[in-house]
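coords_14.cif, holding mmCIF, C-alpha atoms:
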data_data
loop_
_atom_site.label_atom_id
_atom_site.label_comp_id
_atom_site.auth_asym_id
_atom_site.auth_seq_id
_atom_site.Cartn_x
_atom_site.Cartn_y
_atom_site.Cartn_z
CA MET A 1 0.00 0.00 0.00
CA ASN A 2 1.57 3.31 -1.04
CA THR A 3 1.24 6.74 0.56
CA LYS A 4 -1.55 7.91 -1.76
CA HIS A 5 -3.66 4.91 -0.80
CA LEU A 6 -3.11 5.58 2.93
CA ILE A 7 -4.06 9.24 2.54
CA ALA A 8 -7.20 8.30 0.61
CA ILE A 9 -8.26 5.82 3.32
CA VAL A 10 -7.71 8.31 6.16
CA SER A 11 -9.56 11.08 4.29
CA ALA A 12 -12.50 8.83 3.43
CA ALA A 13 -12.77 7.64 7.03
CA GLY A 14 -12.81 11.23 8.24
CA LEU A 15 -15.60 12.24 5.85
CA ALA A 16 -17.66 9.25 6.89
CA LEU A 17 -17.26 10.02 10.57
CA ALA A 18 -18.09 13.68 10.04
CA SER A 19 -21.33 12.83 8.29
CA GLN A 20 -22.52 10.37 10.95
CA HIS A 21 -21.56 11.87 14.32
CA ALA A 22 -21.96 15.08 16.29
CA ILE A 23 -19.16 17.58 16.09
CA ALA A 24 -17.07 18.33 19.20
CA LYS A 25 -15.10 21.33 20.41
CA GLY A 26 -11.72 22.21 18.90
CA PRO A 27 -8.50 20.20 19.35
CA SER A 28 -6.16 20.49 22.34
CA TYR A 29 -2.66 22.04 22.09
CA THR A 30 -1.40 20.87 25.49
CA TYR A 31 -0.29 17.25 25.44
CA ALA A 32 2.58 14.76 25.62
CA GLU A 33 2.92 11.69 23.43
CA ILE A 34 5.31 8.79 22.93
CA GLY A 35 5.36 6.17 20.21
CA TYR A 36 7.03 4.12 17.49
CA VAL A 37 8.24 5.62 14.21
CA HIS A 38 9.07 3.82 10.94
CA PHE A 39 10.45 5.23 7.68
CA ASP A 40 11.45 3.90 4.27
CA ALA A 41 13.30 5.41 1.27
CA ASP A 42 15.22 4.14 -1.76
CA LYS A 43 18.63 4.06 -0.05
CA TYR A 44 17.68 3.56 3.60
CA ASP A 45 14.99 2.49 6.02
CA GLY A 46 14.64 2.19 9.74
CA ASN A 47 12.63 2.69 12.89
CA GLY A 48 12.84 4.18 16.34
CA ALA A 49 11.05 5.91 19.19
CA GLU A 50 9.66 9.44 19.31
CA VAL A 51 8.49 11.82 22.05
CA ASN A 52 6.52 15.01 21.39
CA ILE A 53 5.37 17.70 23.85
CA SER A 54 3.09 20.65 23.07
CA TYR A 55 1.95 23.44 25.37
CA GLY A 56 -0.83 25.91 24.68
CA ALA A 57 0.83 29.02 26.07
CA THR A 58 -2.02 31.40 25.20
CA GLU A 59 -5.38 31.24 23.47
CA HIS A 60 -3.69 31.12 20.06
CA ILE A 61 0.04 30.44 20.64
CA PHE A 62 1.63 27.07 21.39
CA VAL A 63 5.19 25.86 21.84
CA LYS A 64 6.42 22.37 21.02
CA LEU A 65 9.39 20.10 21.68
CA GLY A 66 10.32 16.87 19.93
CA TYR A 67 12.93 14.14 20.28
CA SER A 68 13.39 10.90 18.39
CA ARG A 69 16.01 8.17 18.42
CA ARG A 70 16.21 6.51 15.00
CA PHE A 71 18.09 3.42 13.86
CA VAL A 72 18.84 3.59 10.13
CA ASP A 73 19.78 0.74 7.80
CA THR A 74 21.49 1.88 4.58
CA SER A 75 22.63 0.18 1.38
CA THR A 76 25.94 2.07 1.17
CA THR A 77 27.34 2.40 4.72
CA SER A 78 27.14 0.67 8.07
CA ASP A 79 24.09 1.28 10.24
CA ILE A 80 23.51 4.81 11.55
CA ASP A 81 21.95 6.05 14.77
CA VAL A 82 20.28 9.48 14.62
CA ASP A 83 19.15 11.67 17.51
CA GLN A 84 16.68 14.27 16.22
CA PHE A 85 15.75 17.31 18.33
CA SER A 86 13.23 20.04 17.53
CA ILE A 87 11.89 23.10 19.30
CA GLY A 88 9.30 25.43 17.82
CA MET A 89 6.45 27.86 18.23
CA GLY A 90 3.13 28.02 16.45
CA TYR A 91 -0.10 29.96 16.06
CA HIS A 92 -3.58 28.49 15.61
CA LEU A 93 -6.82 30.14 14.61
CA SER A 94 -10.34 28.73 14.80
CA LEU A 95 -12.06 28.54 11.42
CA THR A 96 -15.18 26.99 12.97
CA ASP A 97 -16.03 25.58 16.40
CA ASN A 98 -14.25 22.32 15.55
CA ILE A 99 -11.68 23.22 12.84
CA ASP A 100 -8.39 25.05 13.39
CA ALA A 101 -5.83 26.36 10.92
CA LEU A 102 -2.27 26.53 12.23
CA GLY A 103 1.27 27.50 11.35
CA ALA A 104 4.54 26.71 13.13
CA VAL A 105 8.28 27.30 12.78
CA SER A 106 10.79 24.91 14.38
CA TYR A 107 14.56 24.69 14.84
CA LEU A 108 15.95 21.24 13.97
CA ASP A 109 19.13 19.51 15.14
CA HIS A 110 20.19 16.03 13.93
CA GLU A 111 23.09 14.26 15.67
CA TYR A 112 24.63 11.19 13.99
CA SER A 113 26.73 8.25 15.11
CA GLY A 114 27.87 5.28 13.04
CA GLY A 115 28.95 4.95 9.41
CA ILE A 116 28.29 8.43 8.03
CA PRO A 117 30.74 11.28 7.20
CA SER A 118 28.72 13.78 9.22
CA GLU A 119 28.34 14.41 12.93
CA ALA A 120 25.48 16.92 13.02
CA ASP A 121 23.05 18.80 10.79
CA GLU A 122 20.85 21.73 11.75
CA GLY A 123 18.12 23.75 10.10
CA TYR A 124 14.50 24.77 10.34
CA GLN A 125 11.04 23.62 9.31
CA VAL A 126 7.87 25.59 8.49
CA ASP A 127 4.50 23.84 8.85
CA LEU A 128 1.03 24.89 7.69
CA GLY A 129 -1.92 22.70 8.53
CA VAL A 130 -5.48 22.03 9.62
CA ARG A 131 -6.83 20.14 12.64
CA ALA A 132 -10.49 19.09 12.72
CA MET A 133 -12.58 17.35 15.38
CA VAL A 134 -14.82 15.14 13.25
CA THR A 135 -16.50 13.63 16.34
CA LYS A 136 -16.27 14.17 20.09
CA LYS A 137 -13.58 11.47 20.21
CA ALA A 138 -11.84 11.67 16.83
CA GLU A 139 -9.58 14.24 15.18
CA LEU A 140 -8.18 14.36 11.66
CA ASN A 141 -5.27 16.59 10.73
CA ALA A 142 -3.20 17.45 7.66
CA THR A 143 0.06 19.41 7.40
CA ALA A 144 2.31 20.66 4.59
CA SER A 145 5.97 21.29 5.48
CA PHE A 146 9.06 23.03 4.11
CA ARG A 147 12.38 21.88 5.59
CA HIS A 148 15.81 23.49 5.15
CA MET A 149 18.92 21.77 6.53
CA ASN A 150 22.58 22.79 6.65
CA LEU A 151 24.47 19.54 6.06
CA THR A 152 27.95 19.40 7.60
CA SER A 153 30.31 16.65 6.44
CA VAL A 154 33.98 15.97 5.79
CA MET A 155 33.46 17.58 2.36
CA GLY A 156 32.23 20.87 3.82
CA VAL A 157 28.83 22.51 4.30
CA SER A 158 25.90 22.21 1.89
CA ASP A 159 22.18 23.03 1.94
CA ASP A 160 19.30 20.63 1.56
CA GLU A 161 15.65 21.62 1.07
CA ASP A 162 12.63 19.37 1.06
CA ILE A 163 8.84 19.64 0.88
CA GLY A 164 6.63 17.17 2.68
CA PHE A 165 3.12 16.48 3.87
CA GLU A 166 1.46 14.54 6.66
CA VAL A 167 -2.01 13.24 7.48
CA GLY A 168 -2.92 11.89 10.88
CA THR A 169 -5.56 11.13 13.45
CA VAL A 170 -6.05 11.36 17.22
CA ILE A 171 -8.69 9.11 18.79
CA LYS A 172 -9.81 9.29 22.42
CA LEU A 173 -9.40 5.98 24.24
CA LYS A 174 -10.19 6.72 27.91
CA LYS A 175 -10.36 9.99 29.83
CA LYS A 176 -7.19 11.91 28.84
CA PHE A 177 -5.52 9.06 26.95
CA HIS A 178 -5.61 9.06 23.15
CA PHE A 179 -4.28 7.03 20.24
CA SER A 180 -2.16 9.15 17.89
CA GLY A 181 -0.99 8.17 14.41
CA ASN A 182 0.13 9.64 11.12
CA VAL A 183 1.71 8.93 7.74
CA ASN A 184 4.11 11.37 6.11
CA TYR A 185 6.14 11.86 2.95
CA PHE A 186 9.10 14.08 1.97
CA ASP A 187 9.52 14.58 -1.77
CA GLU A 188 13.26 15.22 -2.25
CA ALA A 189 14.31 12.39 0.07
CA GLU A 190 11.49 10.17 -1.29
CA GLU A 191 10.92 9.12 2.30
CA VAL A 192 7.65 7.58 3.47
CA GLY A 193 7.19 7.41 7.22
CA GLY A 194 4.66 6.76 9.92
CA PHE A 195 4.09 7.18 13.64
CA ILE A 196 1.82 5.37 16.12
CA GLY A 197 1.67 6.20 19.80
CA ILE A 198 -0.21 7.15 22.94
CA ARG A 199 -1.04 10.78 23.72
CA LEU A 200 -1.90 12.25 27.11
CA ASN A 201 -3.90 15.49 26.95
CA LEU A 202 -2.86 17.68 29.90
#
Can the structure from this file be put into structure tokens for me?
Amino acid sequence: MNTKHLIAIVSAAGLALASQHAIAKGPSYTYAEIGYVHFDADKYDGNGAEVNISYGATEHIFVKLGYSRRFVDTSTTSDIDVDQFSIGMGYHLSLTDNIDALGAVSYLDHEYSGGIPSEADEGYQVDLGVRAMVTKKAELNATASFRHMNLTSVMGVSDDEDIGFEVGTVIKLKKKFHFSGNVNYFDEAEEVGGFIGIRLNL
């Protein structure tokens, strides 16, 4: 099943839920989540663990932190371990009672160990997206991203830019505990990825 098929399934499920159930209040911006991440591209694939924290600082502004530990298998070098850090700030605006538009800017830092001629990359990412509560217990979201990285290696410094998108869902399980999942794709890297985890709304 490719990325287009996954996106079509998620979108169709969201439309079906929206047409059959009552609409709830808008999504929460204060939460912590932990889960499993998997990714696959032409020259590498791998998996790892990811932690994300978001805090709704004001009525419209939120800050977010992210960390993931990724284990990468490549076809050209020995295995690579990657520690990915992010810190950012965003703004969200209610379009309706249950749909928000949002934008965010994040600083990125990638630290490598293993068979790669690079020790660290840094850059930034800009996200624009929509979050919608399609029922009282289910959210659908979609985000488009632009990522710019400064790649430092034994050959010097170079720039890398990529455009990606993500679709996901958050489903309430019990009280403040939720299931969280998404699929994502970055065009230049031709990387397809996914995340599944547990979210605690605070």
**Asked** When distances are computed from all atoms listed in the file, which of A:Ile53, A:Ala138, A:Ala189, A:Leu202 shows the smallest separation from A:Leu173?
**Response**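 For A:Leu173, the nearest of the given residues is A:Ala138.
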**Asked** Which residue out of A:Ala41, A:Leu140, A:Val170, A:Leu95 has the minimum interatomic distance to A:Asp187 when all atoms listed in the file are used?
**Response**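 Among the listed residues, the smallest separation from A:Asp187 belongs to A:Ala41.
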So that I can check the surroundings of A:Ile171, please list as a JSON list (two decimals) with C-alpha atoms, in the coordinates of the input every protein, DNA and RNA residue that reaches within 7 Å of it, counting only C-alpha atoms and ignoring chain neighbours fewer than 5 positions away.
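The new file part15.json reads:
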[["chain", "number", "residue", "atom", "x", "y", "z"],
["A", 137, "LYS", "CA", -13.58, 11.47, 20.21],
["A", 138, "ALA", "CA", -11.84, 11.67, 16.83],
["A", 139, "GLU", "CA", -9.58, 14.24, 15.18],
["A", 178, "HIS", "CA", -5.61, 9.06, 23.15],
["A", 179, "PHE", "CA", -4.28, 7.03, 20.24],
["A", 180, "SER", "CA", -2.16, 9.15, 17.89]]
**Request:** Would you list the contacts of A:Ser68 as a ChimeraX atom specification, taking every protein, DNA or RNA residue within 9 Å and counting only C-alpha atoms, but skipping same-chain residues closer than 3 positions in sequence?
**Result:** /A:37,48-52,82-85
Just want the 10 Å neighbourhood of stretch 29-34 of chain A, counted on all atoms listed in the file, with same-chain residues fewer than 5 positions away dropped. Output as a short mmCIF file (atom, residue, chain, number, x, y, z; two decimals) with C-alpha atoms, keeping the file's coordinate frame.
data_model
loop_
_atom_site.label_atom_id
_atom_site.label_comp_id
_atom_site.auth_asym_id
_atom_site.auth_seq_id
_atom_site.Cartn_x
_atom_site.Cartn_y
_atom_site.Cartn_z
CA ALA A 49 11.05 5.91 19.19
CA GLU A 50 9.66 9.44 19.31
CA VAL A 51 8.49 11.82 22.05
CA ASN A 52 6.52 15.01 21.39
CA ILE A 53 5.37 17.70 23.85
CA SER A 54 3.09 20.65 23.07
CA TYR A 55 1.95 23.44 25.37
CA GLY A 56 -0.83 25.91 24.68
CA ALA A 57 0.83 29.02 26.07
CA THR A 58 -2.02 31.40 25.20
CA GLU A 59 -5.38 31.24 23.47
CA HIS A 60 -3.69 31.12 20.06
CA ILE A 61 0.04 30.44 20.64
CA PHE A 62 1.63 27.07 21.39
CA VAL A 63 5.19 25.86 21.84
CA LYS A 64 6.42 22.37 21.02
CA LEU A 65 9.39 20.10 21.68
CA GLY A 66 10.32 16.87 19.93
CA TYR A 67 12.93 14.14 20.28
CA SER A 68 13.39 10.90 18.39
CA HIS A 92 -3.58 28.49 15.61
CA LYS A 176 -7.19 11.91 28.84
CA PHE A 177 -5.52 9.06 26.95
CA HIS A 178 -5.61 9.06 23.15
CA PHE A 179 -4.28 7.03 20.24
CA SER A 180 -2.16 9.15 17.89
CA PHE A 195 4.09 7.18 13.64
CA ILE A 196 1.82 5.37 16.12
CA GLY A 197 1.67 6.20 19.80
CA ILE A 198 -0.21 7.15 22.94
CA ARG A 199 -1.04 10.78 23.72
CA LEU A 200 -1.90 12.25 27.11
CA ASN A 201 -3.90 15.49 26.95
CA LEU A 202 -2.86 17.68 29.90
#
To box stretch 169-185 of chain A, take all atoms listed in the file, fit an axis-aligned box, add 3 Å on each side, and give centre and edge lengths in Å to one decimal, as AutoDock Vina command-line options.
--center_x -2.1 --center_y 8.9 --center_z 16.4 --size_x 22.5 --size_y 11.9 --size_z 32.9
**Item:** Given all atoms listed in the file as the counted atoms, nearest of A:Ser86, A:Ser106, A:Ser113, A:Thr143 to A:Val72
**Value:** A:Ser113
**Prompt:** What does the distance between atom CA of A:Asp109 and atom CA of A:Val130 come to in Å, to one decimal place?
**Reply:**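 Atom CA of A:Asp109 sits 25.3 Å away from atom CA of A:Val130.
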**Request:** Have a look at atom CA of A:Gly35 and atom CA of A:Gly168 and let me know their distance in Å, one decimal.
**Result:**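 Result for atom CA of A:Gly35 versus atom CA of A:Gly168: 13.7 Å, one decimal.
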Report as a PDB file with C-alpha atoms, keeping the file's coordinate frame the full result of the PyMOL selection byres ((chain A and resi 124) around 10) when it is applied to this structure.
ATOM      1  CA  SER A  86      13.230  20.040  17.530  1.00  0.00           C
ATOM      2  CA  ILE A  87      11.890  23.100  19.300  1.00  0.00           C
ATOM      3  CA  GLY A  88       9.300  25.430  17.820  1.00  0.00           C
ATOM      4  CA  VAL A 105       8.280  27.300  12.780  1.00  0.00           C
ATOM      5  CA  SER A 106      10.790  24.910  14.380  1.00  0.00           C
ATOM      6  CA  TYR A 107      14.560  24.690  14.840  1.00  0.00           C
ATOM      7  CA  LEU A 108      15.950  21.240  13.970  1.00  0.00           C
ATOM      8  CA  ASP A 109      19.130  19.510  15.140  1.00  0.00           C
ATOM      9  CA  GLU A 122      20.850  21.730  11.750  1.00  0.00           C
ATOM     10  CA  GLY A 123      18.120  23.750  10.100  1.00  0.00           C
ATOM     11  CA  GLN A 125      11.040  23.620   9.310  1.00  0.00           C
ATOM     12  CA  VAL A 126       7.870  25.590   8.490  1.00  0.00           C
ATOM     13  CA  PHE A 146       9.060  23.030   4.110  1.00  0.00           C
ATOM     14  CA  ARG A 147      12.380  21.880   5.590  1.00  0.00           C
ATOM     15  CA  HIS A 148      15.810  23.490   5.150  1.00  0.00           C
ATOM     16  CA  MET A 149      18.920  21.770   6.530  1.00  0.00           C
ATOM     17  CA  ASN A 150      22.580  22.790   6.650  1.00  0.00           C
ATOM     18  CA  GLU A 161      15.650  21.620   1.070  1.00  0.00           C
TER      19      GLU A 161
END
**Message:** If I take atom CA of A:Asp73 and atom CA of A:Tyr112, how far is one from the other in Å, to one decimal?
**Reply:**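 Interatomic distance, atom CA of A:Asp73 to atom CA of A:Tyr112: 13.1 Å.
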**Item:** Polymer residues at most 7 Å from A:Ser145, all atoms listed in the file, same-chain spacing of 5 or more positions, as a ChimeraX atom specification
**Value:** /A:125-128,163-165
**Prompt:** Of the candidates A:His38, A:Pro27, A:Phe71, A:Phe186, which one gets nearest to A:Leu102 if we count only C-alpha atoms?
**Reply:**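 Of A:His38, A:Pro27, A:Phe71, A:Phe186, the one nearest A:Leu102, counting only C-alpha atoms, is A:Pro27.
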**Request:** Return the single residue from A:Lys175, A:Lys136, A:Thr169, A:Ala144 that is closest to A:Ala104, with distances computed using only C-alpha atoms.
**Result:**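 Checking each of A:Lys175, A:Lys136, A:Thr169, A:Ala144 against A:Ala104, counting only C-alpha atoms, the winner is A:Ala144.
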**Request:** Tell me which of A:Asp45, A:Asp160, A:Glu188, A:Asp81 sits closest to A:Gly114, counting all atoms listed in the file.
**Result:**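 Counting all atoms listed in the file, the residue closest to A:Gly114 is A:Asp81.
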